[in-house]
>>> print(open('model_8.pdb').read())   # PDB, C-alpha atoms, pLDDT in the B column
ATOM      1  CA  GLN A   1     -29.382 -27.947  10.335  1.00 89.00           C
ATOM      2  CA  LEU A   2     -25.794 -26.978   9.682  1.00 93.00           C
ATOM      3  CA  GLN A   3     -24.934 -23.498  10.880  1.00 95.00           C
ATOM      4  CA  LEU A   4     -21.860 -21.514   9.872  1.00 97.00           C
ATOM      5  CA  ALA A   5     -20.348 -18.472  11.558  1.00 96.00           C
ATOM      6  CA  GLU A   6     -17.465 -16.398  10.214  1.00 95.00           C
ATOM      7  CA  SER A   7     -14.978 -14.479  12.316  1.00 90.00           C
ATOM      8  CA  GLY A   8     -11.786 -12.536  11.749  1.00 85.00           C
ATOM      9  CA  VAL A   9     -10.282  -9.097  12.227  1.00 75.00           C
ATOM     10  CA  GLY A  10     -11.843  -6.899   9.557  1.00 82.00           C
ATOM     11  CA  SER A  11      -9.460  -4.031   8.684  1.00 92.00           C
ATOM     12  CA  VAL A  12      -5.945  -4.000   7.311  1.00 95.00           C
ATOM     13  CA  GLN A  13      -3.689  -1.852   5.150  1.00 97.00           C
ATOM     14  CA  ALA A  14      -2.832  -2.820   1.608  1.00 98.00           C
ATOM     15  CA  GLY A  15      -0.117  -5.444   1.536  1.00 98.00           C
ATOM     16  CA  GLY A  16      -1.154  -6.863   4.868  1.00 97.00           C
ATOM     17  CA  SER A  17      -2.633 -10.212   5.840  1.00 96.00           C
ATOM     18  CA  LEU A  18      -5.806 -11.461   7.458  1.00 96.00           C
ATOM     19  CA  LYS A  19      -7.062 -14.893   8.397  1.00 96.00           C
ATOM     20  CA  LEU A  20     -10.779 -15.579   8.378  1.00 97.00           C
ATOM     21  CA  SER A  21     -12.342 -18.504  10.219  1.00 97.00           C
ATOM     22  CA  CYS A  22     -15.692 -20.164   9.750  1.00 97.00           C
ATOM     23  CA  ALA A  23     -16.961 -22.343  12.579  1.00 97.00           C
ATOM     24  CA  ALA A  24     -19.491 -25.040  11.772  1.00 95.00           C
ATOM     25  CA  SER A  25     -22.095 -26.287  14.242  1.00 94.00           C
ATOM     26  CA  GLU A  26     -21.240 -29.869  13.230  1.00 91.00           C
ATOM     27  CA  SER A  27     -18.652 -31.664  11.158  1.00 90.00           C
ATOM     28  CA  THR A  28     -18.806 -30.758   7.480  1.00 90.00           C
ATOM     29  CA  ALA A  29     -17.364 -34.113   6.442  1.00 87.00           C
ATOM     30  CA  SER A  30     -20.601 -34.853   4.547  1.00 88.00           C
ATOM     31  CA  ALA A  31     -20.347 -31.655   2.532  1.00 91.00           C
ATOM     32  CA  HIS A  32     -19.092 -32.143  -1.013  1.00 93.00           C
ATOM     33  CA  CYS A  33     -17.535 -28.690  -1.074  1.00 96.00           C
ATOM     34  CA  MET A  34     -16.768 -25.814   1.237  1.00 97.00           C
ATOM     35  CA  ALA A  35     -16.134 -22.336  -0.071  1.00 98.00           C
ATOM     36  CA  TRP A  36     -15.545 -18.688   0.573  1.00 98.00           C
ATOM     37  CA  PHE A  37     -17.464 -16.085  -1.409  1.00 98.00           C
ATOM     38  CA  ARG A  38     -17.369 -12.317  -1.270  1.00 98.00           C
ATOM     39  CA  GLN A  39     -19.745  -9.563  -2.202  1.00 98.00           C
ATOM     40  CA  VAL A  40     -19.617  -5.807  -2.553  1.00 97.00           C
ATOM     41  CA  PRO A  41     -22.756  -3.651  -2.608  1.00 95.00           C
ATOM     42  CA  GLY A  42     -24.501  -3.646  -5.966  1.00 95.00           C
ATOM     43  CA  LYS A  43     -22.623  -6.641  -7.302  1.00 96.00           C
ATOM     44  CA  GLU A  44     -23.228 -10.375  -7.390  1.00 95.00           C
ATOM     45  CA  ARG A  45     -21.643 -12.661  -4.842  1.00 96.00           C
ATOM     46  CA  GLN A  46     -18.411 -14.086  -6.265  1.00 97.00           C
ATOM     47  CA  GLY A  47     -16.539 -17.241  -5.416  1.00 97.00           C
ATOM     48  CA  VAL A  48     -13.083 -16.739  -3.967  1.00 97.00           C
ATOM     49  CA  ALA A  49     -11.874 -20.193  -2.954  1.00 98.00           C
ATOM     50  CA  GLU A  50     -13.285 -23.710  -2.805  1.00 97.00           C
ATOM     51  CA  ILE A  51     -12.200 -26.984  -1.300  1.00 96.00           C
ATOM     52  CA  ILE A  52     -13.603 -30.252  -2.595  1.00 94.00           C
ATOM     53  CA  SER A  53     -13.981 -32.825   0.173  1.00 88.00           C
ATOM     54  CA  GLY A  54     -12.257 -36.159  -0.143  1.00 81.00           C
ATOM     55  CA  PRO A  55      -9.346 -35.258  -2.342  1.00 83.00           C
ATOM     56  CA  ASP A  56      -9.244 -31.842  -0.639  1.00 85.00           C
ATOM     57  CA  THR A  57      -8.703 -30.280  -4.019  1.00 93.00           C
ATOM     58  CA  THR A  58      -8.653 -26.508  -3.870  1.00 96.00           C
ATOM     59  CA  ARG A  59      -9.747 -23.972  -6.454  1.00 97.00           C
ATOM     60  CA  TYR A  60      -9.206 -20.242  -6.509  1.00 97.00           C
ATOM     61  CA  ALA A  61     -10.546 -17.295  -8.411  1.00 97.00           C
ATOM     62  CA  ASP A  62      -7.945 -15.783 -10.725  1.00 97.00           C
ATOM     63  CA  THR A  63      -8.007 -12.553  -8.742  1.00 97.00           C
ATOM     64  CA  VAL A  64      -6.790 -14.242  -5.548  1.00 98.00           C
ATOM     65  CA  ARG A  65      -4.725 -17.205  -6.736  1.00 98.00           C
ATOM     66  CA  GLY A  66      -1.291 -17.133  -5.160  1.00 97.00           C
ATOM     67  CA  ARG A  67      -2.409 -14.764  -2.405  1.00 98.00           C
ATOM     68  CA  PHE A  68      -5.252 -16.620  -0.646  1.00 98.00           C
ATOM     69  CA  THR A  69      -5.256 -20.126   0.831  1.00 98.00           C
ATOM     70  CA  ILE A  70      -8.324 -22.122   1.848  1.00 97.00           C
ATOM     71  CA  SER A  71      -7.993 -24.913   4.393  1.00 96.00           C
ATOM     72  CA  GLN A  72      -9.870 -26.901   7.030  1.00 95.00           C
ATOM     73  CA  ASP A  73      -9.029 -28.336  10.418  1.00 91.00           C
ATOM     74  CA  ASN A  74      -8.794 -32.105  10.789  1.00 86.00           C
ATOM     75  CA  ALA A  75     -12.230 -32.350  12.399  1.00 88.00           C
ATOM     76  CA  ARG A  76     -13.721 -30.438   9.456  1.00 88.00           C
ATOM     77  CA  LYS A  77     -15.461 -28.048  11.797  1.00 91.00           C
ATOM     78  CA  ILE A  78     -13.455 -24.936  10.975  1.00 96.00           C
ATOM     79  CA  LEU A  79     -12.832 -23.504   7.529  1.00 97.00           C
ATOM     80  CA  TYR A  80     -10.056 -20.972   7.087  1.00 97.00           C
ATOM     81  CA  LEU A  81      -9.129 -18.368   4.521  1.00 98.00           C
ATOM     82  CA  GLN A  82      -5.605 -17.022   4.802  1.00 97.00           C
ATOM     83  CA  MET A  83      -5.368 -13.781   2.841  1.00 97.00           C
ATOM     84  CA  ASN A  84      -1.972 -12.298   2.055  1.00 98.00           C
ATOM     85  CA  SER A  85      -0.831  -9.317  -0.010  1.00 98.00           C
ATOM     86  CA  LEU A  86      -4.255  -7.776   0.393  1.00 98.00           C
ATOM     87  CA  ARG A  87      -5.399  -5.084  -2.021  1.00 98.00           C
ATOM     88  CA  PRO A  88      -8.091  -2.412  -1.694  1.00 97.00           C
ATOM     89  CA  GLU A  89     -10.132  -4.314  -4.292  1.00 97.00           C
ATOM     90  CA  ASP A  90     -10.339  -7.247  -1.854  1.00 98.00           C
ATOM     91  CA  THR A  91     -12.623  -5.113   0.312  1.00 97.00           C
ATOM     92  CA  ALA A  92     -15.952  -6.945   0.580  1.00 97.00           C
ATOM     93  CA  MET A  93     -18.264  -8.926   2.810  1.00 97.00           C
ATOM     94  CA  TYR A  94     -16.873 -12.437   3.010  1.00 97.00           C
ATOM     95  CA  TYR A  95     -19.121 -15.476   3.426  1.00 98.00           C
ATOM     96  CA  CYS A  96     -18.358 -19.115   4.040  1.00 98.00           C
ATOM     97  CA  ALA A  97     -20.637 -21.732   2.539  1.00 98.00           C
ATOM     98  CA  ALA A  98     -21.215 -25.474   2.428  1.00 97.00           C
ATOM     99  CA  SER A  99     -22.609 -27.588  -0.388  1.00 95.00           C
ATOM    100  CA  ARG A 100     -24.134 -31.041  -0.062  1.00 91.00           C
ATOM    101  CA  THR A 101     -24.703 -31.476  -3.771  1.00 91.00           C
ATOM    102  CA  PRO A 102     -22.020 -33.129  -5.925  1.00 91.00           C
ATOM    103  CA  LEU A 103     -22.729 -30.458  -8.562  1.00 91.00           C
ATOM    104  CA  CYS A 104     -20.261 -28.230  -6.756  1.00 93.00           C
ATOM    105  CA  VAL A 105     -17.477 -30.588  -7.842  1.00 91.00           C
ATOM    106  CA  SER A 106     -18.100 -30.071 -11.553  1.00 90.00           C
ATOM    107  CA  VAL A 107     -19.258 -26.460 -11.487  1.00 90.00           C
ATOM    108  CA  SER A 108     -16.920 -24.150  -9.642  1.00 91.00           C
ATOM    109  CA  PHE A 109     -18.024 -21.125  -7.664  1.00 94.00           C
ATOM    110  CA  SER A 110     -21.741 -21.471  -8.337  1.00 93.00           C
ATOM    111  CA  SER A 111     -23.556 -19.958  -5.377  1.00 93.00           C
ATOM    112  CA  ARG A 112     -26.687 -21.906  -6.368  1.00 94.00           C
ATOM    113  CA  ASN A 113     -24.959 -25.125  -5.287  1.00 94.00           C
ATOM    114  CA  TYR A 114     -24.465 -23.830  -1.762  1.00 96.00           C
ATOM    115  CA  VAL A 115     -27.380 -23.957   0.661  1.00 95.00           C
ATOM    116  CA  TYR A 116     -25.620 -23.298   3.953  1.00 96.00           C
ATOM    117  CA  TRP A 117     -24.220 -19.819   4.479  1.00 97.00           C
ATOM    118  CA  GLY A 118     -22.676 -17.857   7.290  1.00 97.00           C
ATOM    119  CA  GLN A 119     -23.805 -14.356   8.146  1.00 96.00           C
ATOM    120  CA  GLY A 120     -20.717 -12.782   6.605  1.00 96.00           C
ATOM    121  CA  THR A 121     -17.787 -10.781   7.927  1.00 96.00           C
ATOM    122  CA  GLN A 122     -16.613  -7.452   6.545  1.00 96.00           C
ATOM    123  CA  VAL A 123     -13.053  -7.145   5.275  1.00 97.00           C
ATOM    124  CA  THR A 124     -11.749  -3.654   4.555  1.00 97.00           C
ATOM    125  CA  VAL A 125      -8.366  -3.043   2.940  1.00 97.00           C
ATOM    126  CA  SER A 126      -7.182   0.550   2.976  1.00 97.00           C
ATOM    127  CA  SER A 127      -4.634   1.980   0.560  1.00 93.00           C
TER
END
>>> encode(input="model_8.pdb", output="structure tokens")
Amino acid sequence: QLQLAESGVGSVQAGGSLKLSCAASESTASAHCMAWFRQVPGKERQGVAEIISGPDTTRYADTVRGRFTISQDNARKILYLQMNSLRPEDTAMYYCAASRTPLCVSVSFSSRNYVYWGQGTQVTVSS
């Protein structure tokens, strides 16, 4: 069973940068998609960035496009999220996820297509 674990320094001032990492217990080469989601209390989990395996196509939510970058290491065991120009509204619990259904290719940022999740890491951006 694939296991995912996020890590990364959690607090930064507005305008700063953070890099989150997600370590997988095995290669995620068989995953159709890898993604980062985030969630604030009382709201639904929202997709932030996705990477489609094979072509390594990336997709971003409008709110983070141009500021965040999703990437993987060559062994496909670590997923990264580089976050620049952070804003207080980026404050949330961030989760990495893996999908083994090809539905994730055609439907972006659907949490129902992701069955493997990390435990989450808190990111706090202060103004």
>>> resolve_selection(input="model_8.pdb", expression="the PyMOL selection byres ((chain A and resi 7) around 12)", output="mmCIF file with C-alpha atoms, in the coordinates of the input")
data_model
loop_
_atom_site.group_PDB
_atom_site.id
_atom_site.type_symbol
_atom_site.label_atom_id
_atom_site.label_comp_id
_atom_site.auth_asym_id
_atom_site.auth_seq_id
_atom_site.Cartn_x
_atom_site.Cartn_y
_atom_site.Cartn_z
ATOM 1 C CA LEU A 4 -21.860 -21.514 9.872
ATOM 2 C CA ALA A 5 -20.348 -18.472 11.558
ATOM 3 C CA GLU A 6 -17.465 -16.398 10.214
ATOM 4 C CA GLY A 8 -11.786 -12.536 11.749
ATOM 5 C CA VAL A 9 -10.282 -9.097 12.227
ATOM 6 C CA GLY A 10 -11.843 -6.899 9.557
ATOM 7 C CA LEU A 18 -5.806 -11.461 7.458
ATOM 8 C CA LYS A 19 -7.062 -14.893 8.397
ATOM 9 C CA LEU A 20 -10.779 -15.579 8.378
ATOM 10 C CA SER A 21 -12.342 -18.504 10.219
ATOM 11 C CA CYS A 22 -15.692 -20.164 9.750
ATOM 12 C CA ALA A 23 -16.961 -22.343 12.579
ATOM 13 C CA ALA A 24 -19.491 -25.040 11.772
ATOM 14 C CA ILE A 78 -13.455 -24.936 10.975
ATOM 15 C CA LEU A 79 -12.832 -23.504 7.529
ATOM 16 C CA TYR A 80 -10.056 -20.972 7.087
ATOM 17 C CA LEU A 81 -9.129 -18.368 4.521
ATOM 18 C CA MET A 93 -18.264 -8.926 2.810
ATOM 19 C CA TYR A 94 -16.873 -12.437 3.010
ATOM 20 C CA TYR A 95 -19.121 -15.476 3.426
ATOM 21 C CA CYS A 96 -18.358 -19.115 4.040
ATOM 22 C CA GLY A 118 -22.676 -17.857 7.290
ATOM 23 C CA GLN A 119 -23.805 -14.356 8.146
ATOM 24 C CA GLY A 120 -20.717 -12.782 6.605
ATOM 25 C CA THR A 121 -17.787 -10.781 7.927
ATOM 26 C CA GLN A 122 -16.613 -7.452 6.545
ATOM 27 C CA VAL A 123 -13.053 -7.145 5.275
#
>>> residues_around(input="model_8.pdb", residues="A:Ala97", least_positions_apart="4", cutoff="6 Å", atoms="all atoms listed in the file", output="number ranges by chain")
A: 34-35, 116-117
>>> residues_around(input="model_8.pdb", residues="A:Tyr114", least_positions_apart="3", cutoff="10 Å", atoms="only C-alpha atoms", output="number ranges by chain")
A: 31-35, 96-101, 103-104, 109-111, 117
>>> closest_residue(input="model_8.pdb", among="A:Arg76, A:Ser127, A:Ser11, A:Ala92", to="A:Gly47", atoms="all atoms listed in the file")
A:Ala92
>>> residues_near_point(input="model_8.pdb", point="(-0.6, -12.4, 3.7)", cutoff="7 Å", atoms="all atoms listed in the file", output="list in words")
Gly16, Ser17, Leu18, Arg67, Gln82, Met83, Asn84, Ser85 and Leu86 of chain A
>>> axis_aligned_box(input="model_8.pdb", around="stretch 88-97 of chain A", padding_each_side="8 Å", output="JSON")
{"center_x": -14.4, "center_y": -12.1, "center_z": -0.1, "size_x": 28.5, "size_y": 35.3, "size_z": 24.3}
>>> atom_distance(input="model_8.pdb", atom1="atom CA of A:Ser30", atom2="atom CA of A:Gln46")
23.5 Å
>>> atom_distance(input="model_8.pdb", atom1="atom CA of A:Ala29", atom2="atom CA of A:Gly54")
8.6 Å
>>> closest_residue(input="model_8.pdb", among="A:Arg112, A:Lys77, A:Glu89, A:Ser25", to="A:Val64", atoms="only C-alpha atoms")
A:Glu89
>>> closest_residue(input="model_8.pdb", among="A:Leu2, A:Ser106, A:Val115, A:Asp90", to="A:Val40", atoms="only C-alpha atoms")
A:Asp90
>>> closest_residue(input="model_8.pdb", among="A:Ser126, A:Gln1, A:Thr91, A:Ser108", to="A:Ile52", atoms="only C-alpha atoms")
A:Ser108
>>> closest_residue(input="model_8.pdb", among="A:Val105, A:Arg87, A:Asn113, A:Gln72", to="A:Val125", atoms="all atoms listed in the file")
A:Arg87
>>> atom_distance(input="model_8.pdb", atom1="atom CA of A:Thr28", atom2="atom CA of A:Tyr60")
20.0 Å
>>> closest_residue(input="model_8.pdb", among="A:Pro88, A:Pro41, A:Pro55, A:Pro102", to="A:Val12", atoms="all atoms listed in the file")
A:Pro88
>>> decode(input="model_8.pdb", residues="stretch 8-21 of chain A", atoms="all heavy atoms", output="compact mmCIF listing (two decimals), in the first residue's frame")
# COMPACT_ATOMS: atom_id res chain seq x y z
N GLY A 8 7.85 20.01 5.55
CA GLY A 8 8.18 21.36 5.11
C GLY A 8 7.99 22.33 6.25
O GLY A 8 7.11 22.14 7.09
N VAL A 9 8.81 23.36 6.29
CA VAL A 9 8.68 24.39 7.31
C VAL A 9 7.34 25.07 7.15
O VAL A 9 6.95 25.41 6.05
CB VAL A 9 9.81 25.41 7.20
CG1 VAL A 9 9.63 26.53 8.22
CG2 VAL A 9 11.15 24.73 7.38
N GLY A 10 6.59 25.28 8.23
CA GLY A 10 5.20 25.65 8.16
C GLY A 10 4.82 27.10 8.23
O GLY A 10 3.69 27.44 7.89
N SER A 11 5.72 28.02 8.66
CA SER A 11 5.31 29.41 8.86
C SER A 11 6.22 30.35 8.08
O SER A 11 7.43 30.16 8.04
CB SER A 11 5.38 29.76 10.35
OG SER A 11 4.46 29.00 11.07
N VAL A 12 5.60 31.38 7.51
CA VAL A 12 6.36 32.34 6.73
C VAL A 12 5.57 33.64 6.68
O VAL A 12 4.34 33.64 6.85
CB VAL A 12 6.62 31.80 5.31
CG1 VAL A 12 5.32 31.73 4.51
CG2 VAL A 12 7.66 32.62 4.57
N GLN A 13 6.26 34.74 6.43
CA GLN A 13 5.57 36.02 6.27
C GLN A 13 5.11 36.18 4.82
O GLN A 13 5.66 35.58 3.90
CB GLN A 13 6.50 37.16 6.65
CG GLN A 13 6.74 37.26 8.16
CD GLN A 13 7.42 38.56 8.55
OE1 GLN A 13 8.23 39.08 7.81
NE2 GLN A 13 7.06 39.07 9.72
N ALA A 14 4.11 37.00 4.66
CA ALA A 14 3.58 37.26 3.31
C ALA A 14 4.72 37.73 2.40
O ALA A 14 5.56 38.53 2.80
CB ALA A 14 2.49 38.31 3.38
N GLY A 15 4.70 37.20 1.19
CA GLY A 15 5.75 37.51 0.23
C GLY A 15 6.89 36.54 0.24
O GLY A 15 7.73 36.54 -0.68
N GLY A 16 6.92 35.68 1.25
CA GLY A 16 8.00 34.72 1.37
C GLY A 16 7.76 33.46 0.57
O GLY A 16 6.78 33.35 -0.18
N SER A 17 8.67 32.49 0.74
CA SER A 17 8.61 31.24 -0.01
C SER A 17 8.72 30.06 0.92
O SER A 17 9.33 30.15 2.00
CB SER A 17 9.77 31.18 -1.02
OG SER A 17 9.67 32.20 -1.97
N LEU A 18 8.13 28.96 0.51
CA LEU A 18 8.23 27.69 1.21
C LEU A 18 8.30 26.59 0.17
O LEU A 18 7.73 26.72 -0.92
CB LEU A 18 7.01 27.44 2.10
CG LEU A 18 6.91 28.13 3.45
CD1 LEU A 18 5.58 27.77 4.11
CD2 LEU A 18 8.07 27.74 4.34
N LYS A 19 8.97 25.50 0.53
CA LYS A 19 8.97 24.33 -0.34
C LYS A 19 8.50 23.13 0.46
O LYS A 19 9.11 22.77 1.47
CB LYS A 19 10.36 24.06 -0.91
CG LYS A 19 10.38 22.96 -1.96
CD LYS A 19 11.73 22.87 -2.65
CE LYS A 19 11.71 21.88 -3.80
NZ LYS A 19 13.00 21.85 -4.54
N LEU A 20 7.41 22.54 0.02
CA LEU A 20 6.88 21.33 0.64
C LEU A 20 7.40 20.11 -0.10
O LEU A 20 7.57 20.14 -1.31
CB LEU A 20 5.36 21.34 0.63
CG LEU A 20 4.66 22.52 1.29
CD1 LEU A 20 3.15 22.33 1.23
CD2 LEU A 20 5.12 22.70 2.71
N SER A 21 7.61 19.03 0.66
CA SER A 21 8.01 17.76 0.08
C SER A 21 7.03 16.68 0.49
O SER A 21 6.43 16.76 1.57
CB SER A 21 9.41 17.37 0.56
OG SER A 21 10.37 18.33 0.18
